[in-house]
file upload-v8.txt (compact mmCIF, C-alpha atoms)
# COMPACT_ATOMS: atom_id res chain seq x y z
CA MET A 157 0.00 0.00 0.00
CA ARG A 158 1.43 3.38 -1.02
CA LEU A 159 -0.04 6.07 1.17
CA PRO A 160 -1.03 9.32 -0.57
CA GLN A 161 1.36 12.22 -0.01
CA ALA A 162 -1.59 14.50 0.77
CA ARG A 163 -2.66 12.26 3.68
CA LEU A 164 0.87 12.24 5.12
CA ASP A 165 1.15 16.01 4.78
CA GLN A 166 -2.18 16.35 6.57
CA VAL A 167 -0.81 14.47 9.59
CA LEU A 168 2.31 16.64 9.81
CA ASP A 169 0.36 19.86 9.31
CA ARG A 170 -1.98 18.95 12.18
CA TYR A 171 0.94 17.93 14.42
CA HIS A 172 2.76 21.23 13.83
CA GLU A 173 -0.48 23.17 14.30
CA ILE A 174 -1.02 21.54 17.72
CA GLU A 175 2.58 22.31 18.74
CA ALA A 176 2.07 25.98 17.82
CA ARG A 177 -1.25 26.18 19.67
CA MET A 178 0.25 24.55 22.78
CA GLY A 179 2.87 27.29 22.90
CA ALA A 180 0.20 29.99 22.78
CA ALA A 181 -2.55 28.39 24.90
CA ALA A 182 -3.35 29.89 28.29
CA ASP A 183 -6.50 28.00 29.26
CA GLY A 184 -5.75 24.96 31.41
CA ALA A 185 -8.45 22.74 29.90
CA GLU A 186 -7.28 23.57 26.37
CA ILE A 187 -3.66 22.81 27.28
CA VAL A 188 -4.69 19.40 28.63
CA ARG A 189 -6.72 18.63 25.49
CA LEU A 190 -3.93 19.75 23.15
CA SER A 191 -1.31 17.83 25.15
CA LYS A 192 -3.37 14.66 24.87
CA GLU A 193 -3.80 15.04 21.12
CA HIS A 194 -0.10 15.89 20.75
CA ALA A 195 0.88 12.72 22.63
CA GLU A 196 -1.43 10.63 20.43
CA LEU A 197 -0.15 12.19 17.19
CA ARG A 198 3.54 12.17 18.06
CA PRO A 199 4.27 8.50 17.15
CA VAL A 200 2.27 8.93 13.94
CA ALA A 201 4.13 12.09 12.97
CA GLU A 202 7.51 10.51 13.73
CA ALA A 203 6.65 7.45 11.62
CA VAL A 204 5.47 9.68 8.77
CA GLN A 205 8.71 11.70 8.92
CA THR A 206 10.76 8.48 8.78
CA LEU A 207 8.75 7.27 5.77
CA LEU A 208 9.05 10.58 3.90
CA LYS A 209 12.79 10.69 4.55
CA ALA A 210 13.14 7.17 3.11
CA ARG A 211 11.04 8.08 0.09
CA ALA A 212 13.17 11.16 -0.52
CA GLU A 213 16.37 9.08 -0.58
CA ALA A 214 15.21 6.98 -3.53
CA PRO A 215 15.69 9.53 -6.38
CA ASP A 216 19.21 10.44 -5.20
CA LEU A 217 20.21 6.77 -4.97
CA GLU A 218 18.75 6.05 -8.41
CA GLN A 219 20.81 8.90 -9.85
CA MET A 220 23.97 7.64 -8.14
CA ALA A 221 23.28 4.08 -9.34
CA ALA A 222 23.44 5.37 -12.93
CA SER A 223 26.81 7.04 -12.32
CA SER A 224 29.83 6.19 -14.47
CA ASP A 225 31.76 5.65 -11.25
CA ARG A 226 31.42 1.89 -10.89
CA GLU A 227 32.24 1.77 -7.19
CA MET A 228 29.81 4.56 -6.34
CA ALA A 229 27.13 3.04 -8.58
CA GLY A 230 27.56 -0.36 -6.95
CA LEU A 231 27.19 1.03 -3.45
CA ALA A 232 24.15 3.06 -4.52
CA ARG A 233 22.46 -0.01 -6.01
CA GLU A 234 23.02 -1.92 -2.74
CA GLU A 235 21.52 0.92 -0.70
CA LEU A 236 18.64 1.24 -3.15
CA ALA A 237 17.87 -2.47 -2.86
CA GLU A 238 17.86 -2.18 0.94
CA LEU A 239 15.60 0.87 0.72
CA HIS A 240 13.11 -0.96 -1.53
CA GLU A 241 13.00 -3.79 1.02
CA ARG A 242 12.46 -1.34 3.89
CA LEU A 243 9.84 0.93 2.33
CA PRO A 244 6.88 -1.53 2.35
CA GLU A 245 7.32 -2.12 6.10
CA LEU A 246 7.56 1.63 6.77
CA GLU A 247 4.39 2.14 4.71
CA ARG A 248 2.66 -0.61 6.70
CA GLN A 249 3.71 0.85 10.05
CA VAL A 250 2.34 4.27 9.11
CA ALA A 251 -0.83 2.73 7.64
CA LEU A 252 -1.50 0.90 10.93
CA LEU A 253 -1.10 4.15 12.85
CA LEU A 254 -3.48 5.91 10.45
CA ALA A 255 -6.04 3.10 10.28
CA PRO A 256 -9.31 3.47 12.26
CA LYS A 257 -8.53 2.77 15.91
CA ASP A 258 -10.45 1.52 18.89
CA LYS A 259 -10.35 4.55 21.17
CA ASP A 260 -10.49 2.21 24.18
CA GLU A 261 -7.38 0.29 23.10
CA ASN A 262 -5.25 1.45 26.03
CA ALA A 263 -8.00 1.32 28.66
CA SER A 264 -8.11 -0.87 31.73
CA ALA A 265 -10.93 -3.43 31.70
CA ILE A 266 -13.69 -5.16 33.63
CA LEU A 267 -13.48 -8.95 33.24
CA GLU A 268 -16.63 -11.01 33.77
CA VAL A 269 -16.54 -14.82 33.68
CA ARG A 270 -19.73 -16.87 34.12
CA ALA A 271 -20.44 -20.58 34.11
CA GLY A 272 -22.66 -21.64 31.23
CA THR A 273 -24.08 -25.03 30.29
CA GLY A 274 -22.57 -27.99 32.09
CA GLY A 275 -23.46 -27.65 35.77
CA ASP A 276 -20.60 -28.11 38.22
CA GLU A 277 -18.10 -28.71 35.44
CA ALA A 278 -18.99 -25.36 33.86
CA ALA A 279 -18.24 -23.63 37.18
CA LEU A 280 -14.89 -25.41 37.40
CA PHE A 281 -14.08 -24.35 33.85
CA ALA A 282 -15.04 -20.76 34.64
CA GLY A 283 -12.54 -20.94 37.49
CA ASP A 284 -9.84 -22.23 35.11
CA LEU A 285 -10.52 -19.38 32.68
CA PHE A 286 -10.38 -16.73 35.39
CA ARG A 287 -7.07 -18.10 36.69
CA MET A 288 -5.75 -18.11 33.11
CA TYR A 289 -6.49 -14.40 32.77
CA GLN A 290 -5.25 -13.68 36.28
CA ARG A 291 -1.89 -15.33 35.59
CA TYR A 292 -1.64 -13.69 32.18
CA ALA A 293 -2.24 -10.31 33.84
CA GLN A 294 0.59 -11.02 36.28
CA THR A 295 3.02 -11.69 33.42
CA ARG A 296 2.19 -8.27 31.97
CA GLY A 297 2.39 -6.39 35.27
CA TRP A 298 -1.36 -5.64 35.43
CA ARG A 299 -3.28 -5.41 38.72
CA VAL A 300 -6.33 -7.64 39.26
CA GLU A 301 -8.98 -6.73 41.84
CA ILE A 302 -12.03 -8.93 42.35
CA ASP A 303 -15.27 -6.93 42.51
CA SER A 304 -17.76 -9.74 43.14
CA VAL A 305 -17.74 -13.52 43.19
CA SER A 306 -20.24 -16.38 43.41
CA GLU A 307 -18.49 -19.68 44.01
CA GLY A 308 -19.52 -23.03 42.53
CA GLU A 309 -20.71 -25.80 44.82
CA VAL A 310 -17.73 -28.06 44.05
CA GLY A 311 -15.25 -25.32 43.18
CA GLY A 312 -14.72 -22.76 40.49
CA TYR A 313 -17.18 -19.91 39.99
CA LYS A 314 -20.77 -19.46 38.98
CA GLU A 315 -19.75 -15.85 38.32
CA ILE A 316 -16.71 -13.72 39.01
CA ILE A 317 -16.16 -10.07 38.10
CA ALA A 318 -12.80 -8.34 38.40
CA ALA A 319 -11.13 -5.09 37.42
CA ILE A 320 -7.84 -5.45 35.53
CA THR A 321 -5.82 -2.26 35.65
CA GLY A 322 -2.88 -1.47 33.43
CA ASP A 323 -1.81 -0.01 30.11
CA GLY A 324 -3.43 -1.65 27.08
CA VAL A 325 -5.48 -4.23 28.99
CA PHE A 326 -8.61 -3.87 26.87
CA GLY A 327 -6.66 -3.84 23.61
CA ARG A 328 -5.16 -7.25 24.37
CA LEU A 329 -8.15 -8.92 26.01
CA LYS A 330 -11.11 -7.54 24.06
CA PHE A 331 -11.27 -10.51 21.68
CA GLU A 332 -11.75 -12.89 24.62
CA SER A 333 -15.43 -11.90 24.86
CA GLY A 334 -17.74 -14.74 23.88
CA VAL A 335 -18.52 -18.36 24.69
CA HIS A 336 -15.58 -20.62 25.59
CA ARG A 337 -16.21 -24.37 25.35
CA VAL A 338 -14.31 -27.14 27.10
CA GLN A 339 -14.15 -30.84 26.28
CA ARG A 340 -12.65 -33.02 29.01
CA VAL A 341 -13.34 -35.69 31.59
CA PRO A 342 -14.72 -33.77 34.59
CA GLU A 343 -13.41 -34.32 38.09
CA THR A 344 -17.02 -35.10 39.00
CA GLU A 345 -17.27 -37.89 36.38
CA ALA A 346 -16.49 -41.36 37.69
CA GLY A 347 -17.01 -43.16 34.37
CA GLY A 348 -14.25 -41.40 32.47
CA ARG A 349 -16.57 -39.96 29.83
CA ILE A 350 -15.70 -36.73 28.04
CA HIS A 351 -18.17 -33.94 28.74
CA THR A 352 -18.68 -30.64 26.94
CA SER A 353 -19.28 -27.56 29.07
CA ALA A 354 -19.14 -23.84 28.49
CA ALA A 355 -18.44 -20.53 30.16
CA THR A 356 -18.99 -17.00 28.93
CA VAL A 357 -16.40 -14.23 29.08
CA ALA A 358 -17.06 -10.51 28.78
CA VAL A 359 -14.27 -7.94 28.65
CA LEU A 360 -15.53 -4.37 29.02
CA PRO A 361 -13.43 -1.20 28.79
CA GLU A 362 -13.27 0.68 32.06
CA VAL A 363 -14.69 4.10 31.31
CA GLU A 364 -13.97 7.53 32.73
CA ASP A 365 -16.69 9.27 34.74
CA VAL A 366 -17.25 11.84 31.99
CA GLU A 367 -17.99 9.23 29.34
CA ILE A 368 -21.18 7.77 30.81
CA GLU A 369 -23.72 9.86 32.67
CA ILE A 370 -26.14 8.06 34.96
CA ASN A 371 -29.24 9.72 36.37
CA ASP A 372 -29.67 8.89 40.06
CA ALA A 373 -33.43 8.60 39.46
CA ASP A 374 -32.73 5.66 37.13
CA LEU A 375 -31.08 3.65 39.92
CA ARG A 376 -32.48 1.39 42.61
CA ILE A 377 -29.84 0.70 45.24
CA ASP A 378 -30.35 -2.13 47.73
CA THR A 379 -28.10 -3.24 50.56
CA TYR A 380 -28.12 -6.77 51.89
CA ARG A 381 -26.13 -9.14 54.06
CA ALA A 382 -23.30 -10.79 52.15
CA SER A 383 -23.13 -14.56 52.28
CA GLY A 384 -20.18 -16.93 52.06
CA SER A 385 -16.65 -16.45 53.31
CA GLY A 386 -15.49 -13.03 54.41
CA GLY A 387 -15.34 -13.12 58.19
CA GLN A 388 -17.66 -11.96 60.94
CA HIS A 389 -17.93 -8.39 59.62
CA VAL A 390 -19.42 -9.53 56.30
CA ASN A 391 -21.88 -11.87 57.98
CA LYS A 392 -23.23 -9.36 60.50
CA THR A 393 -23.73 -6.18 58.47
CA ASP A 394 -25.76 -5.25 55.43
CA SER A 395 -22.63 -4.16 53.54
CA ALA A 396 -23.24 -5.75 50.13
CA VAL A 397 -24.70 -3.48 47.46
CA ARG A 398 -27.01 -4.30 44.56
CA ILE A 399 -27.65 -1.59 41.94
CA THR A 400 -30.42 -1.95 39.36
CA HIS A 401 -30.42 0.36 36.34
CA LEU A 402 -34.15 0.70 35.75
CA PRO A 403 -34.16 1.76 32.06
CA THR A 404 -32.09 -1.26 30.96
CA GLY A 405 -32.70 -3.77 33.76
CA ILE A 406 -28.94 -4.23 34.27
CA VAL A 407 -28.15 -5.46 37.79
CA VAL A 408 -24.70 -5.26 39.37
CA THR A 409 -23.54 -6.28 42.83
CA SER A 410 -20.48 -5.93 45.02
CA SER A 411 -20.01 -7.71 48.33
CA GLU A 412 -16.76 -6.65 49.96
CA LYS A 413 -16.65 -5.38 53.57
CA SER A 414 -17.12 -1.65 52.94
CA GLN A 415 -20.58 -0.52 51.81
CA HIS A 416 -19.10 2.71 50.45
CA GLN A 417 -16.49 0.77 48.48
CA ASN A 418 -19.12 -1.66 47.22
CA ARG A 419 -21.28 1.18 45.91
CA ALA A 420 -18.32 2.71 44.05
CA ARG A 421 -17.30 -0.63 42.55
CA ALA A 422 -20.85 -1.50 41.50
CA LEU A 423 -21.26 1.89 39.81
CA LYS A 424 -17.97 1.36 37.98
CA VAL A 425 -19.17 -2.00 36.62
CA LEU A 426 -22.57 -0.53 35.72
CA LYS A 427 -20.92 2.25 33.71
CA ALA A 428 -18.75 -0.31 31.92
CA ARG A 429 -21.81 -2.40 30.99
CA LEU A 430 -23.79 0.60 29.75
CA TYR A 431 -20.82 1.75 27.71
CA ASP A 432 -20.38 -1.78 26.38
CA GLN A 433 -23.95 -1.75 25.08
CA GLN A 434 -23.05 1.26 22.97
CA ARG A 435 -19.87 -0.42 21.73
CA GLU A 436 -21.68 -3.67 20.96
CA ALA A 437 -24.21 -1.88 18.74
CA LEU A 438 -21.35 -0.17 16.90
CA ASP A 439 -19.37 -3.41 16.58
CA THR A 440 -22.39 -5.17 15.10
CA ALA A 441 -22.86 -2.41 12.54
CA ARG A 442 -19.19 -2.61 11.58
CA ALA A 443 -19.31 -6.39 11.34
CA ASP A 444 -22.29 -6.15 9.00
CA ALA A 445 -20.23 -3.89 6.78
CA ARG A 446 -17.09 -6.04 6.96
CA LYS A 447 -17.76 -9.73 7.60
CA SER A 448 -14.09 -10.55 8.18
CA GLN A 449 -13.95 -8.47 11.35
CA VAL A 450 -12.80 -10.51 14.34
CA GLY A 451 -15.05 -8.76 16.86
CA SER A 452 -18.54 -9.35 15.55
CA GLY A 453 -20.40 -7.79 18.46
CA ASP A 454 -22.23 -11.06 19.14
CA ARG A 455 -21.28 -12.00 22.70
CA SER A 456 -23.23 -15.28 22.47
CA GLU A 457 -20.93 -16.52 19.71
CA ARG A 458 -18.84 -19.63 20.46
CA ILE A 459 -15.33 -18.39 19.92
CA ARG A 460 -12.98 -21.05 21.29
CA THR A 461 -12.79 -24.73 22.22
CA TYR A 462 -10.36 -26.23 24.73
CA ASN A 463 -10.03 -29.99 24.05
CA PHE A 464 -8.09 -31.50 26.96
CA PRO A 465 -7.78 -35.11 25.70
CA GLN A 466 -6.02 -33.83 22.56
CA GLY A 467 -4.25 -30.91 24.24
CA ARG A 468 -5.81 -28.71 21.59
CA VAL A 469 -7.10 -25.13 21.58
CA THR A 470 -9.11 -23.93 18.57
CA ASP A 471 -10.20 -20.36 17.96
CA HIS A 472 -13.11 -20.67 15.55
CA ARG A 473 -13.08 -17.05 14.33
CA ILE A 474 -9.71 -17.32 12.57
CA ASN A 475 -9.51 -21.12 12.24
CA LEU A 476 -6.49 -21.21 14.53
CA THR A 477 -5.57 -24.55 16.13
CA LEU A 478 -2.77 -24.91 18.66
CA TYR A 479 -1.55 -27.98 20.56
CA ASN A 480 -0.16 -26.30 23.66
CA LEU A 481 -3.35 -26.23 25.77
CA PRO A 482 -1.58 -26.75 29.15
CA LYS A 483 0.55 -23.62 28.70
CA ILE A 484 -2.37 -21.60 27.33
CA ILE A 485 -4.74 -22.48 30.20
CA GLU A 486 -1.95 -21.56 32.62
CA GLY A 487 -1.80 -18.11 31.02
CA GLU A 488 1.82 -18.67 30.04
CA SER A 489 1.16 -18.94 26.28
CA LEU A 490 -2.12 -17.05 25.94
CA ASP A 491 -0.31 -14.64 23.60
CA ASP A 492 -0.12 -17.51 21.09
CA VAL A 493 -3.87 -17.00 20.64
CA ILE A 494 -4.07 -13.26 21.26
CA GLU A 495 -1.37 -12.20 18.78
CA PRO A 496 -3.01 -13.83 15.71
CA LEU A 497 -6.34 -12.24 16.68
CA ILE A 498 -4.70 -8.82 16.89
CA ALA A 499 -2.98 -9.43 13.53
CA GLU A 500 -6.32 -10.36 11.94
CA ASP A 501 -7.90 -7.22 13.34
CA GLN A 502 -5.02 -5.11 12.02
CA ALA A 503 -5.47 -6.66 8.56
CA GLY A 504 -9.13 -5.66 8.66
CA ARG A 505 -8.28 -2.11 9.68
CA LEU A 506 -5.68 -1.84 6.90
CA ALA A 507 -8.25 -3.09 4.39
CA ALA A 508 -10.67 -0.42 5.62
CA LEU A 509 -7.98 2.24 5.15
CA GLU A 510 -7.22 0.96 1.65
CA ASP A 511 -10.93 1.17 0.79
CA GLU A 512 -10.85 4.79 1.96
CA PHE A 513 -8.01 5.64 -0.46
CA ASN A 514 -9.51 3.76 -3.43
call {"tool": "encode", "arguments": {"input": "upload-v8.txt", "output": "structure tokens"}}
result
Amino acid sequence: MRLPQARLDQVLDRYHEIEARMGAAADGAEIVRLSKEHAELRPVAEAVQTLLKARAEAPDLEQMAASSDREMAGLAREELAELHERLPELERQVALLLAPKDKDENASAILEVRAGTGGDEAALFAGDLFRMYQRYAQTRGWRVEIDSVSEGEVGGYKEIIAAITGDGVFGRLKFESGVHRVQRVPETEAGGRIHTSAATVAVLPEVEDVEIEINDADLRIDTYRASGSGGQHVNKTDSAVRITHLPTGIVVTSSEKSQHQNRARALKVLKARLYDQQREALDTARADARKSQVGSGDRSERIRTYNFPQGRVTDHRINLTLYNLPKIIEGESLDDVIEPLIAEDQAGRLAALEDEFN
């Protein structure tokens, strides 16, 4: 893909305009806004400058390659060959930076894992999935805080919701949303038969307060006595919080020791779910326009199968099959699945950019 010169000039013009306005701005809010845009544009502008510099070298090298000086011509031809090899990758890097982006790419995220069909085994599988993400988060230096949990009767979780905080969490985990299926002999199965169970995963971008406005009149807030483990304090006080968003029927809960903390956490999850509804509608519209898009917006879609007897993991969206299930389920090799999904998404974004130029 050869990017139009006019589009590259547009990026640099905007970057220099922002730099000039930052130097003259006096209003604090405007300075913050310009600084944010400057930080976002800087890597794009630098990549564009590198590309334009490489493009500008080509005519000079071509002229030198035609020189009567054999030694100089030979060196120029070598440099020209290297430049021709380098240019497509520089074009691709700039194209990726210019392609339509998910504005929540660098956000932290709310992770929700729920047991699906399969009874006790589904709860155990939900527990395995949550631990996979928890360990993966640790390898990337992200912080995981559990907001609410409902344990399974024989282990695992009926439902667990956690906040994962760090740079780029949502961008790496967003394609995990959907139905995950497991095929294995359950611990609860005495006959050695392979069962199929499922769990659902939702990864929601954690939103800033200004992005989602919630009317207090639209909320019903109930407090109740938390059950399960948690010590005497949890069992004796009505500290757990349940918030119902009346217009949508969305219900969120938090059951830690502090009622104030529970309210804040529940509101955070509610905002993430409301924001996710908006994203899901947009994702569905985009998927209708481009069927190859990895994120289809359909959260009920079966996206991945974990086959324990064969040690196989299959992601059905990109027809990816790997035979390192133990390392993937431990979170150690989850990138082996995530990276191809990101690459597929990038290919779709580049195709969209190419359509824009054609």
call {"tool": "closest_residue", "arguments": {"input": "upload-v8.txt", "among": "A:Arg328, A:Lys314, A:Arg158, A:Arg460", "to": "A:Val250", "atoms": "all atoms listed in the file"}}
result
A:Arg158
call {"tool": "residues_around", "arguments": {"input": "upload-v8.txt", "residues": "A:Asp491", "least_positions_apart": "5", "cutoff": "12 Å", "atoms": "all atoms listed in the file", "output": "compact mmCIF listing (two decimals) with C-alpha atoms, in the coordinates of the input"}}
result
# COMPACT_ATOMS: atom_id res chain seq x y z
CA MET A 288 -5.75 -18.11 33.11
CA TYR A 289 -6.49 -14.40 32.77
CA TYR A 292 -1.64 -13.69 32.18
CA ALA A 293 -2.24 -10.31 33.84
CA THR A 295 3.02 -11.69 33.42
CA ARG A 296 2.19 -8.27 31.97
CA ARG A 328 -5.16 -7.25 24.37
CA LEU A 329 -8.15 -8.92 26.01
CA PHE A 331 -11.27 -10.51 21.68
CA GLU A 332 -11.75 -12.89 24.62
CA LEU A 478 -2.77 -24.91 18.66
CA ASN A 480 -0.16 -26.30 23.66
CA LYS A 483 0.55 -23.62 28.70
CA ILE A 484 -2.37 -21.60 27.33
CA ILE A 485 -4.74 -22.48 30.20
CA GLU A 486 -1.95 -21.56 32.62
CA PRO A 496 -3.01 -13.83 15.71
CA LEU A 497 -6.34 -12.24 16.68
CA ILE A 498 -4.70 -8.82 16.89
CA ALA A 499 -2.98 -9.43 13.53
call {"tool": "residues_around", "arguments": {"input": "upload-v8.txt", "residues": "A:Asp372", "least_positions_apart": "3", "cutoff": "12 Å", "atoms": "all atoms listed in the file", "output": "MDAnalysis selection string"}}
result
chainID A and resid 369 375:377 399:403 423
call {"tool": "write_last_selection", "arguments": {"input": "upload-v8.txt", "atoms": "C-alpha atoms", "output": "tab-separated table (two decimals), in the coordinates of the input"}}
result
chain	number	residue	atom	x	y	z
A	369	GLU	CA	-23.72	9.86	32.67
A	375	LEU	CA	-31.08	3.65	39.92
A	376	ARG	CA	-32.48	1.39	42.61
A	377	ILE	CA	-29.84	0.70	45.24
A	399	ILE	CA	-27.65	-1.59	41.94
A	400	THR	CA	-30.42	-1.95	39.36
A	401	HIS	CA	-30.42	0.36	36.34
A	402	LEU	CA	-34.15	0.70	35.75
A	403	PRO	CA	-34.16	1.76	32.06
A	423	LEU	CA	-21.26	1.89	39.81
call {"tool": "atom_distance", "arguments": {"input": "upload-v8.txt", "atom1": "atom CA of A:Lys257", "atom2": "atom CA of A:Glu500"}}
result
13.9 Å
call {"tool": "closest_residue", "arguments": {"input": "upload-v8.txt", "among": "A:Glu436, A:Asp276, A:Asp260, A:Glu218", "to": "A:Pro342", "atoms": "all atoms listed in the file"}}
result
A:Asp276
call {"tool": "residues_around", "arguments": {"input": "upload-v8.txt", "residues": "A:His336", "least_positions_apart": "6", "cutoff": "8 Å", "atoms": "all atoms listed in the file", "output": "MDAnalysis selection string"}}
result
chainID A and resid 354:357 458:462
call {"tool": "closest_residue", "arguments": {"input": "upload-v8.txt", "among": "A:Leu426, A:Val338, A:Leu236, A:Leu246", "to": "A:Pro361", "atoms": "all atoms listed in the file"}}
result
A:Leu426
call {"tool": "residues_around", "arguments": {"input": "upload-v8.txt", "residues": "A:Asp258", "least_positions_apart": "3", "cutoff": "10 Å", "atoms": "only C-alpha atoms", "output": "ChimeraX atom specification"}}
result
/A:255,261-262,326-327
call {"tool": "residues_around", "arguments": {"input": "upload-v8.txt", "residues": "A:Gly274", "least_positions_apart": "3", "cutoff": "8 Å", "atoms": "all atoms listed in the file", "output": "PDB file with C-alpha atoms, keeping the file's coordinate frame"}}
result
ATOM      1  CA  ALA A 271     -20.440 -20.580  34.110  1.00  0.00           C
ATOM      2  CA  GLU A 277     -18.100 -28.710  35.440  1.00  0.00           C
ATOM      3  CA  ALA A 278     -18.990 -25.360  33.860  1.00  0.00           C
ATOM      4  CA  ALA A 279     -18.240 -23.630  37.180  1.00  0.00           C
ATOM      5  CA  THR A 352     -18.680 -30.640  26.940  1.00  0.00           C
ATOM      6  CA  SER A 353     -19.280 -27.560  29.070  1.00  0.00           C
ATOM      7  CA  ALA A 354     -19.140 -23.840  28.490  1.00  0.00           C
TER       8      ALA A 354
END
call {"tool": "axis_aligned_box", "arguments": {"input": "upload-v8.txt", "around": "stretch 238-252 of chain A", "padding_each_side": "4 Å", "output": "lines of an AutoDock Vina configuration file"}}
result
center_x = 8.2
center_y = 0.2
center_z = 4.7
size_x = 27.4
size_y = 16.1
size_z = 20.5
call {"tool": "closest_residue", "arguments": {"input": "upload-v8.txt", "among": "A:Asp511, A:Glu202, A:Asp471, A:Glu235", "to": "A:Pro215", "atoms": "all atoms listed in the file"}}
result
A:Glu235
call {"tool": "closest_residue", "arguments": {"input": "upload-v8.txt", "among": "A:Ile317, A:Pro465, A:Gln415, A:Val335", "to": "A:Arg349", "atoms": "only C-alpha atoms"}}
result
A:Pro465
call {"tool": "closest_residue", "arguments": {"input": "upload-v8.txt", "among": "A:Arg291, A:Arg398, A:Arg421, A:His472", "to": "A:Gly487", "atoms": "only C-alpha atoms"}}
result
A:Arg291
call {"tool": "atom_distance", "arguments": {"input": "upload-v8.txt", "atom1": "atom CA of A:Val425", "atom2": "atom CA of A:Leu360"}}
result
8.8 Å
call {"tool": "atom_distance", "arguments": {"input": "upload-v8.txt", "atom1": "atom CA of A:Ala222", "atom2": "atom CA of A:Glu234"}}
result
12.5 Å
call {"tool": "decode", "arguments": {"input": "upload-v8.txt", "residues": "stretch 177-189 of chain A", "atoms": "N, CA and C atoms", "output": "PDB file, in the first residue's frame"}}
result
ATOM      1  N   ARG A 177      -0.161  25.776  18.779  1.00  0.00           N
ATOM      2  CA  ARG A 177      -1.255  26.182  19.674  1.00  0.00           C
ATOM      3  C   ARG A 177      -0.912  25.903  21.132  1.00  0.00           C
ATOM      4  N   MET A 178      -0.162  24.847  21.399  1.00  0.00           N
ATOM      5  CA  MET A 178       0.251  24.551  22.779  1.00  0.00           C
ATOM      6  C   MET A 178       1.133  25.669  23.333  1.00  0.00           C
ATOM      7  N   GLY A 179       1.973  26.220  22.458  1.00  0.00           N
ATOM      8  CA  GLY A 179       2.865  27.291  22.900  1.00  0.00           C
ATOM      9  C   GLY A 179       2.136  28.577  23.205  1.00  0.00           C
ATOM     10  N   ALA A 180       0.943  28.747  22.592  1.00  0.00           N
ATOM     11  CA  ALA A 180       0.201  29.991  22.785  1.00  0.00           C
ATOM     12  C   ALA A 180      -0.976  29.848  23.734  1.00  0.00           C
ATOM     13  N   ALA A 181      -1.353  28.622  24.076  1.00  0.00           N
ATOM     14  CA  ALA A 181      -2.550  28.391  24.897  1.00  0.00           C
ATOM     15  C   ALA A 181      -2.333  28.852  26.334  1.00  0.00           C
ATOM     16  N   ALA A 182      -3.390  29.440  26.900  1.00  0.00           N
ATOM     17  CA  ALA A 182      -3.346  29.893  28.294  1.00  0.00           C
ATOM     18  C   ALA A 182      -4.371  29.169  29.152  1.00  0.00           C
ATOM     19  N   ASP A 183      -5.443  28.688  28.524  1.00  0.00           N
ATOM     20  CA  ASP A 183      -6.502  27.995  29.257  1.00  0.00           C
ATOM     21  C   ASP A 183      -6.051  26.590  29.641  1.00  0.00           C
ATOM     22  N   GLY A 184      -6.218  26.262  30.924  1.00  0.00           N
ATOM     23  CA  GLY A 184      -5.751  24.963  31.412  1.00  0.00           C
ATOM     24  C   GLY A 184      -6.397  23.788  30.726  1.00  0.00           C
ATOM     25  N   ALA A 185      -7.732  23.848  30.535  1.00  0.00           N
ATOM     26  CA  ALA A 185      -8.449  22.743  29.901  1.00  0.00           C
ATOM     27  C   ALA A 185      -7.995  22.544  28.458  1.00  0.00           C
ATOM     28  N   GLU A 186      -7.741  23.668  27.757  1.00  0.00           N
ATOM     29  CA  GLU A 186      -7.278  23.566  26.373  1.00  0.00           C
ATOM     30  C   GLU A 186      -5.875  22.976  26.304  1.00  0.00           C
ATOM     31  N   ILE A 187      -5.028  23.347  27.246  1.00  0.00           N
ATOM     32  CA  ILE A 187      -3.663  22.808  27.285  1.00  0.00           C
ATOM     33  C   ILE A 187      -3.695  21.298  27.484  1.00  0.00           C
ATOM     34  N   VAL A 188      -4.563  20.848  28.379  1.00  0.00           N
ATOM     35  CA  VAL A 188      -4.688  19.398  28.631  1.00  0.00           C
ATOM     36  C   VAL A 188      -5.154  18.682  27.368  1.00  0.00           C
ATOM     37  N   ARG A 189      -6.174  19.262  26.703  1.00  0.00           N
ATOM     38  CA  ARG A 189      -6.720  18.634  25.490  1.00  0.00           C
ATOM     39  C   ARG A 189      -5.673  18.582  24.376  1.00  0.00           C
TER      40      ARG A 189
END
